[in-house]
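First the structure, in the form of structure tokens, and then the observations on it.
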Amino acid sequence: MSLPAVFLVSLSSLAFEVLLARIFSISQWNHLSFMVISIALFGFAASGTVLSILDSRKTNWVKRLAAGKATSILVLLYSCSTLVSFLILIKLPLDYFRLPLESIQAFYLFLSYTLLAIPFFFAGFIVLSAYVEQPENTGFIYFSTMAGSALGTILPSLLLPFIGEGKLAVTVAIVPLCYVTAAALIINKKTVGCRYQPRNLSLSLVSTCIMLLTMPLLFTPWGATQLAVTPSPYKSLSQLLQFPQSTVTESKSSITGKIDTATSPYIRYAPGLSLKYSGSLPLQSAIFRDGDEQLVLYGADSSSKTFEFARFTLPSVGYDFVTLPQSALLVIRGGGTSIPTALAAGIPDVTVIHESPSISRAIAEHYKLRTTPENPRIFLRHSHTKYDIIHIESWGTSLAGSAALSQKYLFTTEAFEEYLNHLNEKGVIIVSRKLLLPPSDSIRLFSTALQALHESGKKDPQHHLALFRNWGIFTLIVSNDPIKNIEVPMSFAERLNFDIVYIRDMQLSLANRFNIFDVPHHYLAVENLLQHYSEKREKHFFDDYLLDVAPQNDHRPFPGRFIKWDRLGDLYQSMGSRPYSMLLSGEVVIAVVFIEALAVSVLLLLLPKLFAKGKQRKVPLSQKLYFFSIGAGFMFVEIYFIKAYIQIFSSPVLSFTFVLAGILLSSGIGGWWSQKMGRNAVTYSLSGLFLMLLSILYLMDLIIEHLLGLPVLLRYLIALLILFPPGFIMGVPFTLGMRCLLETPLQRAYAWAMNGCASVLTSIVAAGLALQFGILSIMLCATVFYLLAVFCSRTSVTDQAGSLP
């Protein structure tokens, strides 16, 4: 088995996995993007199951699979299956949200899942064959795997701006074919000197033909059309393009998202616009990230008349709370109405923050404003400027429930405290979001602001808050000073037909006048919340409420997550007993995927026992638990750092890329170094890792707090260096276990399957733990599993020593 083959296939498979996550984010929201990790790991685990069965039924199978020609065939099968599965995927009419209505969608989902697992099955087979055939070289094989995987993780970040998602997927699929061609030529030359035999060159010829056949896809306009990844039909870009004369004028791909600029005479975006407005809206163009979260640019000039409509929108009520505001900070994640609102209010000093550099640049060029492409929390951490207005605009996705798994730090208690610290004495915070029923997002934001005001030392925090709504959105006002003059906002609401949900000393009759519900749901929920706060029983309110609306902090920053599992039945009934609405929730998707993953994992682990032939030395229970524990622990640590580092890298995708690359590379170095270690080092390394993870669990908040205050390059460098010590030690237990604790190919194949299944299950469980209990719970689980691995390793080492003559 050639180490170059292991390296290239590992590189290709990880790059393909990252690209699949990007493709699903564009075409199917985050729901199926979340499943990509489980698809890949199931393919790897299945290779262990199949090899276990083959080894028990046929003699010398491992040696035959590890031979040079067999390796080339496996690499060829990997590349072909990757190409075929990807080409079928982008043409498959898969639509997750039509699953309750069309039974055929279940087949499409199963087909896409199965097809995409096949390339990872062959990739796992190639790597596992190397481990089984050369157990004495597990450290070198592990290093080749992890180094290739680390490079494959980074590769899409470097190439996506120049090659689109589809073309790059085809490119990484054919990269391992270079090995097939080179290996065939080298083997042939060693065999017959300079005289080449056609039969030895057949694999080289096939791989060359495959690469030539992909050239039209990569270098022709026809190929670009065939490989285009189209957004879900429910996303706002797809809906816009249904109208005539609507076109995408520019498209840019990057690891953080696909940015499309579209023009259309039918863009009419003005959330919260009063029906009292009788004028016309300015010409608009829109920018979309992954086909959704549109940001609208208004008008071709910056005259006050162009933005007159903004004075009739609900968020503009916040600007009336401040007399002659002079400065405003606009934090934008989609939308865009905050800019014309600030300009219509005549604010001379406007600063705009949007995390995407390309979108931030487009805003600056269009409005001639000062913009910053940075994480708002980090910007505020480095800034000493105070503002009269801080306007936060984040409307979320166009489909309710599709962002339940998204981790954002704009609306945590720590974020509101940061906003309050950057307000002038008379300043206000403005937050506008979509209005939901049952009341959820509005109640959570209200309670979060209430708690932040209380922790900031405000005497009567409820007197600093006001909440308004129309039929589709709400606007929360948080004032640094107590709100005294309530006549101005009340007059604004009455003049433009907006309803008041809460303002101090208001009457019930003001809550449901213009946009009428059967009862004033939001007003009653807020009043109930304030009553519990006044009695210091707010926990009872959050425990009894139908949805999870408790304030979230930086350890549990999921603003789109609301479901309570113990109230799921009540929620189902409140939504008309329609299962379709429940399937839109990310939490429900996690539960469904976990049940399916558990069933498949059990099947993969039982199949060797059902189909194995002959008497084989079984894997002891302690060794099964050992490889399950280190697989689960590794995945928990990986996901913990990915989620914890989102604050540092300002993007979930960048955090995923850098953390994965850092841990894979450092663990690969640890695996290579383990070649010098003996059997007893298993327990010592795991014990050291356990203590190190406990220290990280205790110190991570302080570390992140310190890193956020550093310049960006230094922040990134130190964050990556922190990954090296735990990553290095995490590379030791697997390689030492394969080399020192196992004796037969069957045991090594089964341990591989056990490790893979553990990784699958924990990757899903980690997402649920973060939603339910917070990010710290993930690292806590990692320490528990590595502690279990310590005890299992001691038992296994003792058993091994006892079995020696």
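Order determines the names: the first chain of the structure tokens is A, the second B, and so forth; residues in each chain are numbered 1 upward, and ligands are numbered 1 upward as they are shown.
Every protein or nucleic acid residue with an atom no more than 9 Å from Ile663 of chain A, counting only C-alpha atoms and leaving out same-chain residues fewer than 2 positions away, appears here: Met146, Ala150, Glu638, Phe658, Val659, Leu660, Ala661, Leu665, Ser666, Ser667, Gly668, Leu720, Leu723, Phe724, Pro726, Gly727, Phe728 and Met730 of chain A.
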Check your understanding: Could you pull the residues within 8 Å of segment 279-295 of chain A, counting only C-alpha atoms, minus those fewer than 6 positions along the same chain, as a VMD selection string?
Key -> chain A and resid 25 to 26 231 to 232 235 to 238 257 to 265 267 to 268 306 to 307 309 333 to 336 359 395 to 398
Restricted to C-alpha atoms, what would the selected residues look like written as an mmCIF file, in the first residue's frame?
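Dumped to again-v1.cif:
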```cif
data_model
loop_
_atom_site.group_PDB
_atom_site.id
_atom_site.type_symbol
_atom_site.label_atom_id
_atom_site.label_comp_id
_atom_site.auth_asym_id
_atom_site.auth_seq_id
_atom_site.Cartn_x
_atom_site.Cartn_y
_atom_site.Cartn_z
ATOM 1 C CA SER A 25 -25.814 25.065 2.134
ATOM 2 C CA ILE A 26 -26.714 26.588 -1.225
ATOM 3 C CA PRO A 231 -30.333 27.449 -4.703
ATOM 4 C CA SER A 232 -33.403 25.881 -3.136
ATOM 5 C CA LYS A 235 -34.808 30.809 -1.137
ATOM 6 C CA SER A 236 -35.319 34.457 -1.922
ATOM 7 C CA LEU A 237 -32.969 34.486 -4.927
ATOM 8 C CA SER A 238 -34.826 31.618 -6.607
ATOM 9 C CA GLY A 257 -20.571 31.727 0.978
ATOM 10 C CA LYS A 258 -21.637 32.249 -2.600
ATOM 11 C CA ILE A 259 -22.404 35.935 -3.203
ATOM 12 C CA ASP A 260 -24.842 36.752 -6.026
ATOM 13 C CA THR A 261 -25.795 40.270 -7.113
ATOM 14 C CA ALA A 262 -29.186 40.458 -8.816
ATOM 15 C CA THR A 263 -31.195 43.184 -10.492
ATOM 16 C CA SER A 264 -34.920 43.200 -11.173
ATOM 17 C CA PRO A 265 -37.643 45.797 -11.667
ATOM 18 C CA ILE A 267 -37.640 44.048 -6.086
ATOM 19 C CA ARG A 268 -39.892 45.692 -3.505
ATOM 20 C CA THR A 306 -34.727 58.890 -2.239
ATOM 21 C CA PHE A 307 -34.919 57.533 1.292
ATOM 22 C CA PHE A 309 -39.928 55.840 2.490
ATOM 23 C CA ARG A 333 -26.742 40.755 8.322
ATOM 24 C CA GLY A 334 -29.209 40.892 5.493
ATOM 25 C CA GLY A 335 -31.981 43.416 5.004
ATOM 26 C CA GLY A 336 -30.450 46.797 4.317
ATOM 27 C CA ILE A 359 -20.776 42.841 0.580
ATOM 28 C CA TRP A 395 -33.834 39.158 9.645
ATOM 29 C CA GLY A 396 -32.724 35.561 9.400
ATOM 30 C CA THR A 397 -33.514 33.167 6.580
ATOM 31 C CA SER A 398 -36.599 33.397 4.411
#
```
Exercise for review: Please provide as a ChimeraX atom specification all residues within 10 Å of Ala681 of chain A, with the sequence filter that same-chain residues fewer than 4 positions apart are discarded (counting only C-alpha atoms).
Suggested key: /A:674,676-677,685-687,732-733,736,793
Just-selected residues, C-alpha atoms written as a PDB file, in the first residue's frame:
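Contents of part.pdb, as written:
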```
ATOM      1  CA  SER A 674       3.937   7.529  18.305  1.00  0.00           C
ATOM      2  CA  LYS A 676       8.746   5.747  18.882  1.00  0.00           C
ATOM      3  CA  MET A 677       6.398   4.825  21.742  1.00  0.00           C
ATOM      4  CA  SER A 685      -0.982   9.753  26.758  1.00  0.00           C
ATOM      5  CA  LEU A 686      -4.704   9.396  27.464  1.00  0.00           C
ATOM      6  CA  SER A 687      -4.249  10.440  31.103  1.00  0.00           C
ATOM      7  CA  VAL A 732      -1.360   8.925  19.754  1.00  0.00           C
ATOM      8  CA  PRO A 733      -4.158   6.663  21.132  1.00  0.00           C
ATOM      9  CA  LEU A 736      -0.784   2.956  19.353  1.00  0.00           C
ATOM     10  CA  SER A 793      -6.558   1.001  27.790  1.00  0.00           C
TER      11      SER A 793
END
```
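Put simply, atom CA of Lys426 of chain A is 9.2 Å away from atom CA of Ile389 of chain A.
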Exercise for review: Please give the complete set of residues from segment 288-524 of chain A that DSSP, run on the backbone, assigns to alpha helix (DSSP H), formatted as a PyMOL selection string.
Suggested key: chain A and resi 338-344+357-367+376-382+413-421+441-455+487-495+521-524
Exercise for review: From a DSSP calculation on the backbone, collect every residue of segment 129-350 of chain A in strand (DSSP E or B) and output the set as number ranges by chain.
Suggested key: A: 247-254, 257-263, 273, 284-289, 292-298, 313, 327-333, 335, 349-350
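When only C-alpha atoms are used to compute distances to Leu699 of chain A, the closest of the residues A:Leu380, A:Leu625, A:Ile430, A:Leu776 turns out to be A:Leu776.
Nearest residue to Gly48 of chain A among A:Ile703, A:Leu92, A:Ile126, A:Leu227 is A:Ile126, counting only C-alpha atoms.
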Check your understanding: Which residues come within 12 Å of Ser534 of chain A, counting only C-alpha atoms, excluding same-chain residues fewer than 3 positions away, as a list in words?
Key -> Leu450, His454, Asp460, Pro461, Gln462, Glu527, Asn528, Leu529, Leu530, Gln531, Arg537, Glu538, Lys539 and Phe541 of chain A
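If you measure from each of A:Ala40, A:Val50, A:Leu324, A:Ile154 to Leu605 of chain A using only C-alpha atoms, the closest one turns out to be A:Val50.
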**Study point:** All residues 12 Å or closer to Glu393 of chain A, only C-alpha atoms, same chain fewer than 4 positions away omitted, as a ChimeraX atom specification
**Key:** /A:271,293-295,315,329-339,341,352-354,376,410-411,429-434,473-476
Which segment 416-504 of chain A residues have any atom within 10 Å of an atom of segment 562-569 of chain A, and for each, what is the nearest pair of atoms with distance in Å to one decimal, counting only C-alpha atoms, rows sorted by chain and number, as a Markdown table?
```
| residue | atom | partner | partner_atom | distance |
| --- | --- | --- | --- | --- |
| A:Ser440 | CA | A:Phe562 | CA | 7.1 |
| A:Asp441 | CA | A:Phe562 | CA | 8.2 |
| A:Arg444 | CA | A:Phe562 | CA | 9.4 |
```
Go ahead and write the residues just picked, C-alpha atoms, as a PDB file, in the first residue's frame.
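Saved the output as again-v8.pdb:
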```pdb
ATOM      1  CA  SER A 440     -40.854  33.461  20.646  1.00  0.00           C
ATOM      2  CA  ASP A 441     -38.042  35.563  19.171  1.00  0.00           C
ATOM      3  CA  ARG A 444     -36.426  36.080  24.047  1.00  0.00           C
TER       4      ARG A 444
END
```
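Straight-line separation from atom CA of Leu697 of chain A to atom CA of Phe791 of chain A: 21.2 Å.
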Practice item. Excluding segment 486-498 of chain A and any residue of its chain fewer than 6 positions from it, enumerate the residues within 10 Å of it, using only C-alpha atoms, and give them as a PyMOL selection string. Key: chain A and resi 272-277+312-314+316-321+466+468-471+474+504-506+510-515
Include C-alpha atoms and write out the residues we just selected as an mmCIF file, in the first residue's frame.
```cif
data_model
loop_
_atom_site.group_PDB
_atom_site.id
_atom_site.type_symbol
_atom_site.label_atom_id
_atom_site.label_comp_id
_atom_site.auth_asym_id
_atom_site.auth_seq_id
_atom_site.Cartn_x
_atom_site.Cartn_y
_atom_site.Cartn_z
ATOM 1 C CA GLY A 272 -42.124 47.100 8.319
ATOM 2 C CA LEU A 273 -43.330 49.691 5.797
ATOM 3 C CA SER A 274 -46.570 51.312 6.917
ATOM 4 C CA LEU A 275 -49.635 51.026 4.705
ATOM 5 C CA LYS A 276 -49.963 54.782 5.205
ATOM 6 C CA TYR A 277 -47.034 55.324 2.852
ATOM 7 C CA PHE A 312 -42.536 55.185 7.317
ATOM 8 C CA THR A 313 -40.949 51.898 8.426
ATOM 9 C CA LEU A 314 -41.364 50.458 11.894
ATOM 10 C CA SER A 316 -37.499 54.260 12.316
ATOM 11 C CA VAL A 317 -39.425 54.684 15.585
ATOM 12 C CA GLY A 318 -36.104 54.153 17.373
ATOM 13 C CA TYR A 319 -34.617 57.264 15.792
ATOM 14 C CA ASP A 320 -37.383 59.370 17.340
ATOM 15 C CA PHE A 321 -36.217 58.388 20.828
ATOM 16 C CA ALA A 466 -40.173 49.470 24.294
ATOM 17 C CA PHE A 468 -43.612 47.648 18.676
ATOM 18 C CA ARG A 469 -45.050 45.457 15.924
ATOM 19 C CA ASN A 470 -47.023 45.388 12.725
ATOM 20 C CA TRP A 471 -48.379 42.260 11.041
ATOM 21 C CA PHE A 474 -41.337 43.675 15.545
ATOM 22 C CA ARG A 504 -44.060 51.889 30.274
ATOM 23 C CA ASP A 505 -47.499 52.826 31.606
ATOM 24 C CA MET A 506 -49.310 51.703 28.430
ATOM 25 C CA LEU A 510 -53.087 50.057 22.546
ATOM 26 C CA ALA A 511 -51.799 46.522 21.982
ATOM 27 C CA ASN A 512 -54.141 45.206 19.301
ATOM 28 C CA ARG A 513 -55.623 48.133 17.375
ATOM 29 C CA PHE A 514 -54.397 48.007 13.783
ATOM 30 C CA ASN A 515 -52.833 44.607 13.044
#
```
Residue contacts of Ala599 of chain A (12 Å, only C-alpha atoms) excluding same-chain residues fewer than 5 positions away, as an mmCIF file with N, CA and C atoms, in the first residue's frame:
```
data_model
loop_
_atom_site.group_PDB
_atom_site.id
_atom_site.type_symbol
_atom_site.label_atom_id
_atom_site.label_comp_id
_atom_site.auth_asym_id
_atom_site.auth_seq_id
_atom_site.Cartn_x
_atom_site.Cartn_y
_atom_site.Cartn_z
ATOM 1 N N PHE A 42 -19.863 7.510 7.801
ATOM 2 C CA PHE A 42 -20.504 6.228 7.572
ATOM 3 C C PHE A 42 -19.793 5.463 6.457
ATOM 4 N N VAL A 592 -34.060 13.117 14.132
ATOM 5 C CA VAL A 592 -34.336 12.125 13.092
ATOM 6 C C VAL A 592 -33.031 11.536 12.561
ATOM 7 N N VAL A 593 -32.052 12.398 12.297
ATOM 8 C CA VAL A 593 -30.764 11.926 11.780
ATOM 9 C C VAL A 593 -30.070 11.024 12.792
ATOM 10 N N PHE A 594 -30.179 11.368 14.076
ATOM 11 C CA PHE A 594 -29.536 10.538 15.102
ATOM 12 C C PHE A 594 -30.153 9.141 15.154
ATOM 13 N N LEU A 604 -23.996 -1.855 10.944
ATOM 14 C CA LEU A 604 -22.600 -2.008 10.504
ATOM 15 C C LEU A 604 -21.783 -2.809 11.495
ATOM 16 N N LEU A 605 -22.085 -2.670 12.773
ATOM 17 C CA LEU A 605 -21.312 -3.400 13.778
ATOM 18 C C LEU A 605 -21.783 -4.838 13.953
ATOM 19 N N LEU A 606 -23.022 -5.140 13.544
ATOM 20 C CA LEU A 606 -23.535 -6.506 13.652
ATOM 21 C C LEU A 606 -23.227 -7.357 12.428
ATOM 22 N N CYS A 757 -18.137 4.610 13.546
ATOM 23 C CA CYS A 757 -19.522 4.733 14.018
ATOM 24 C C CYS A 757 -19.601 5.680 15.215
ATOM 25 N N VAL A 760 -19.536 9.178 13.902
ATOM 26 C CA VAL A 760 -20.812 9.556 13.300
ATOM 27 C C VAL A 760 -21.800 9.985 14.370
ATOM 28 N N LEU A 761 -21.983 9.135 15.360
ATOM 29 C CA LEU A 761 -22.992 9.396 16.390
ATOM 30 C C LEU A 761 -22.658 10.642 17.198
#
```
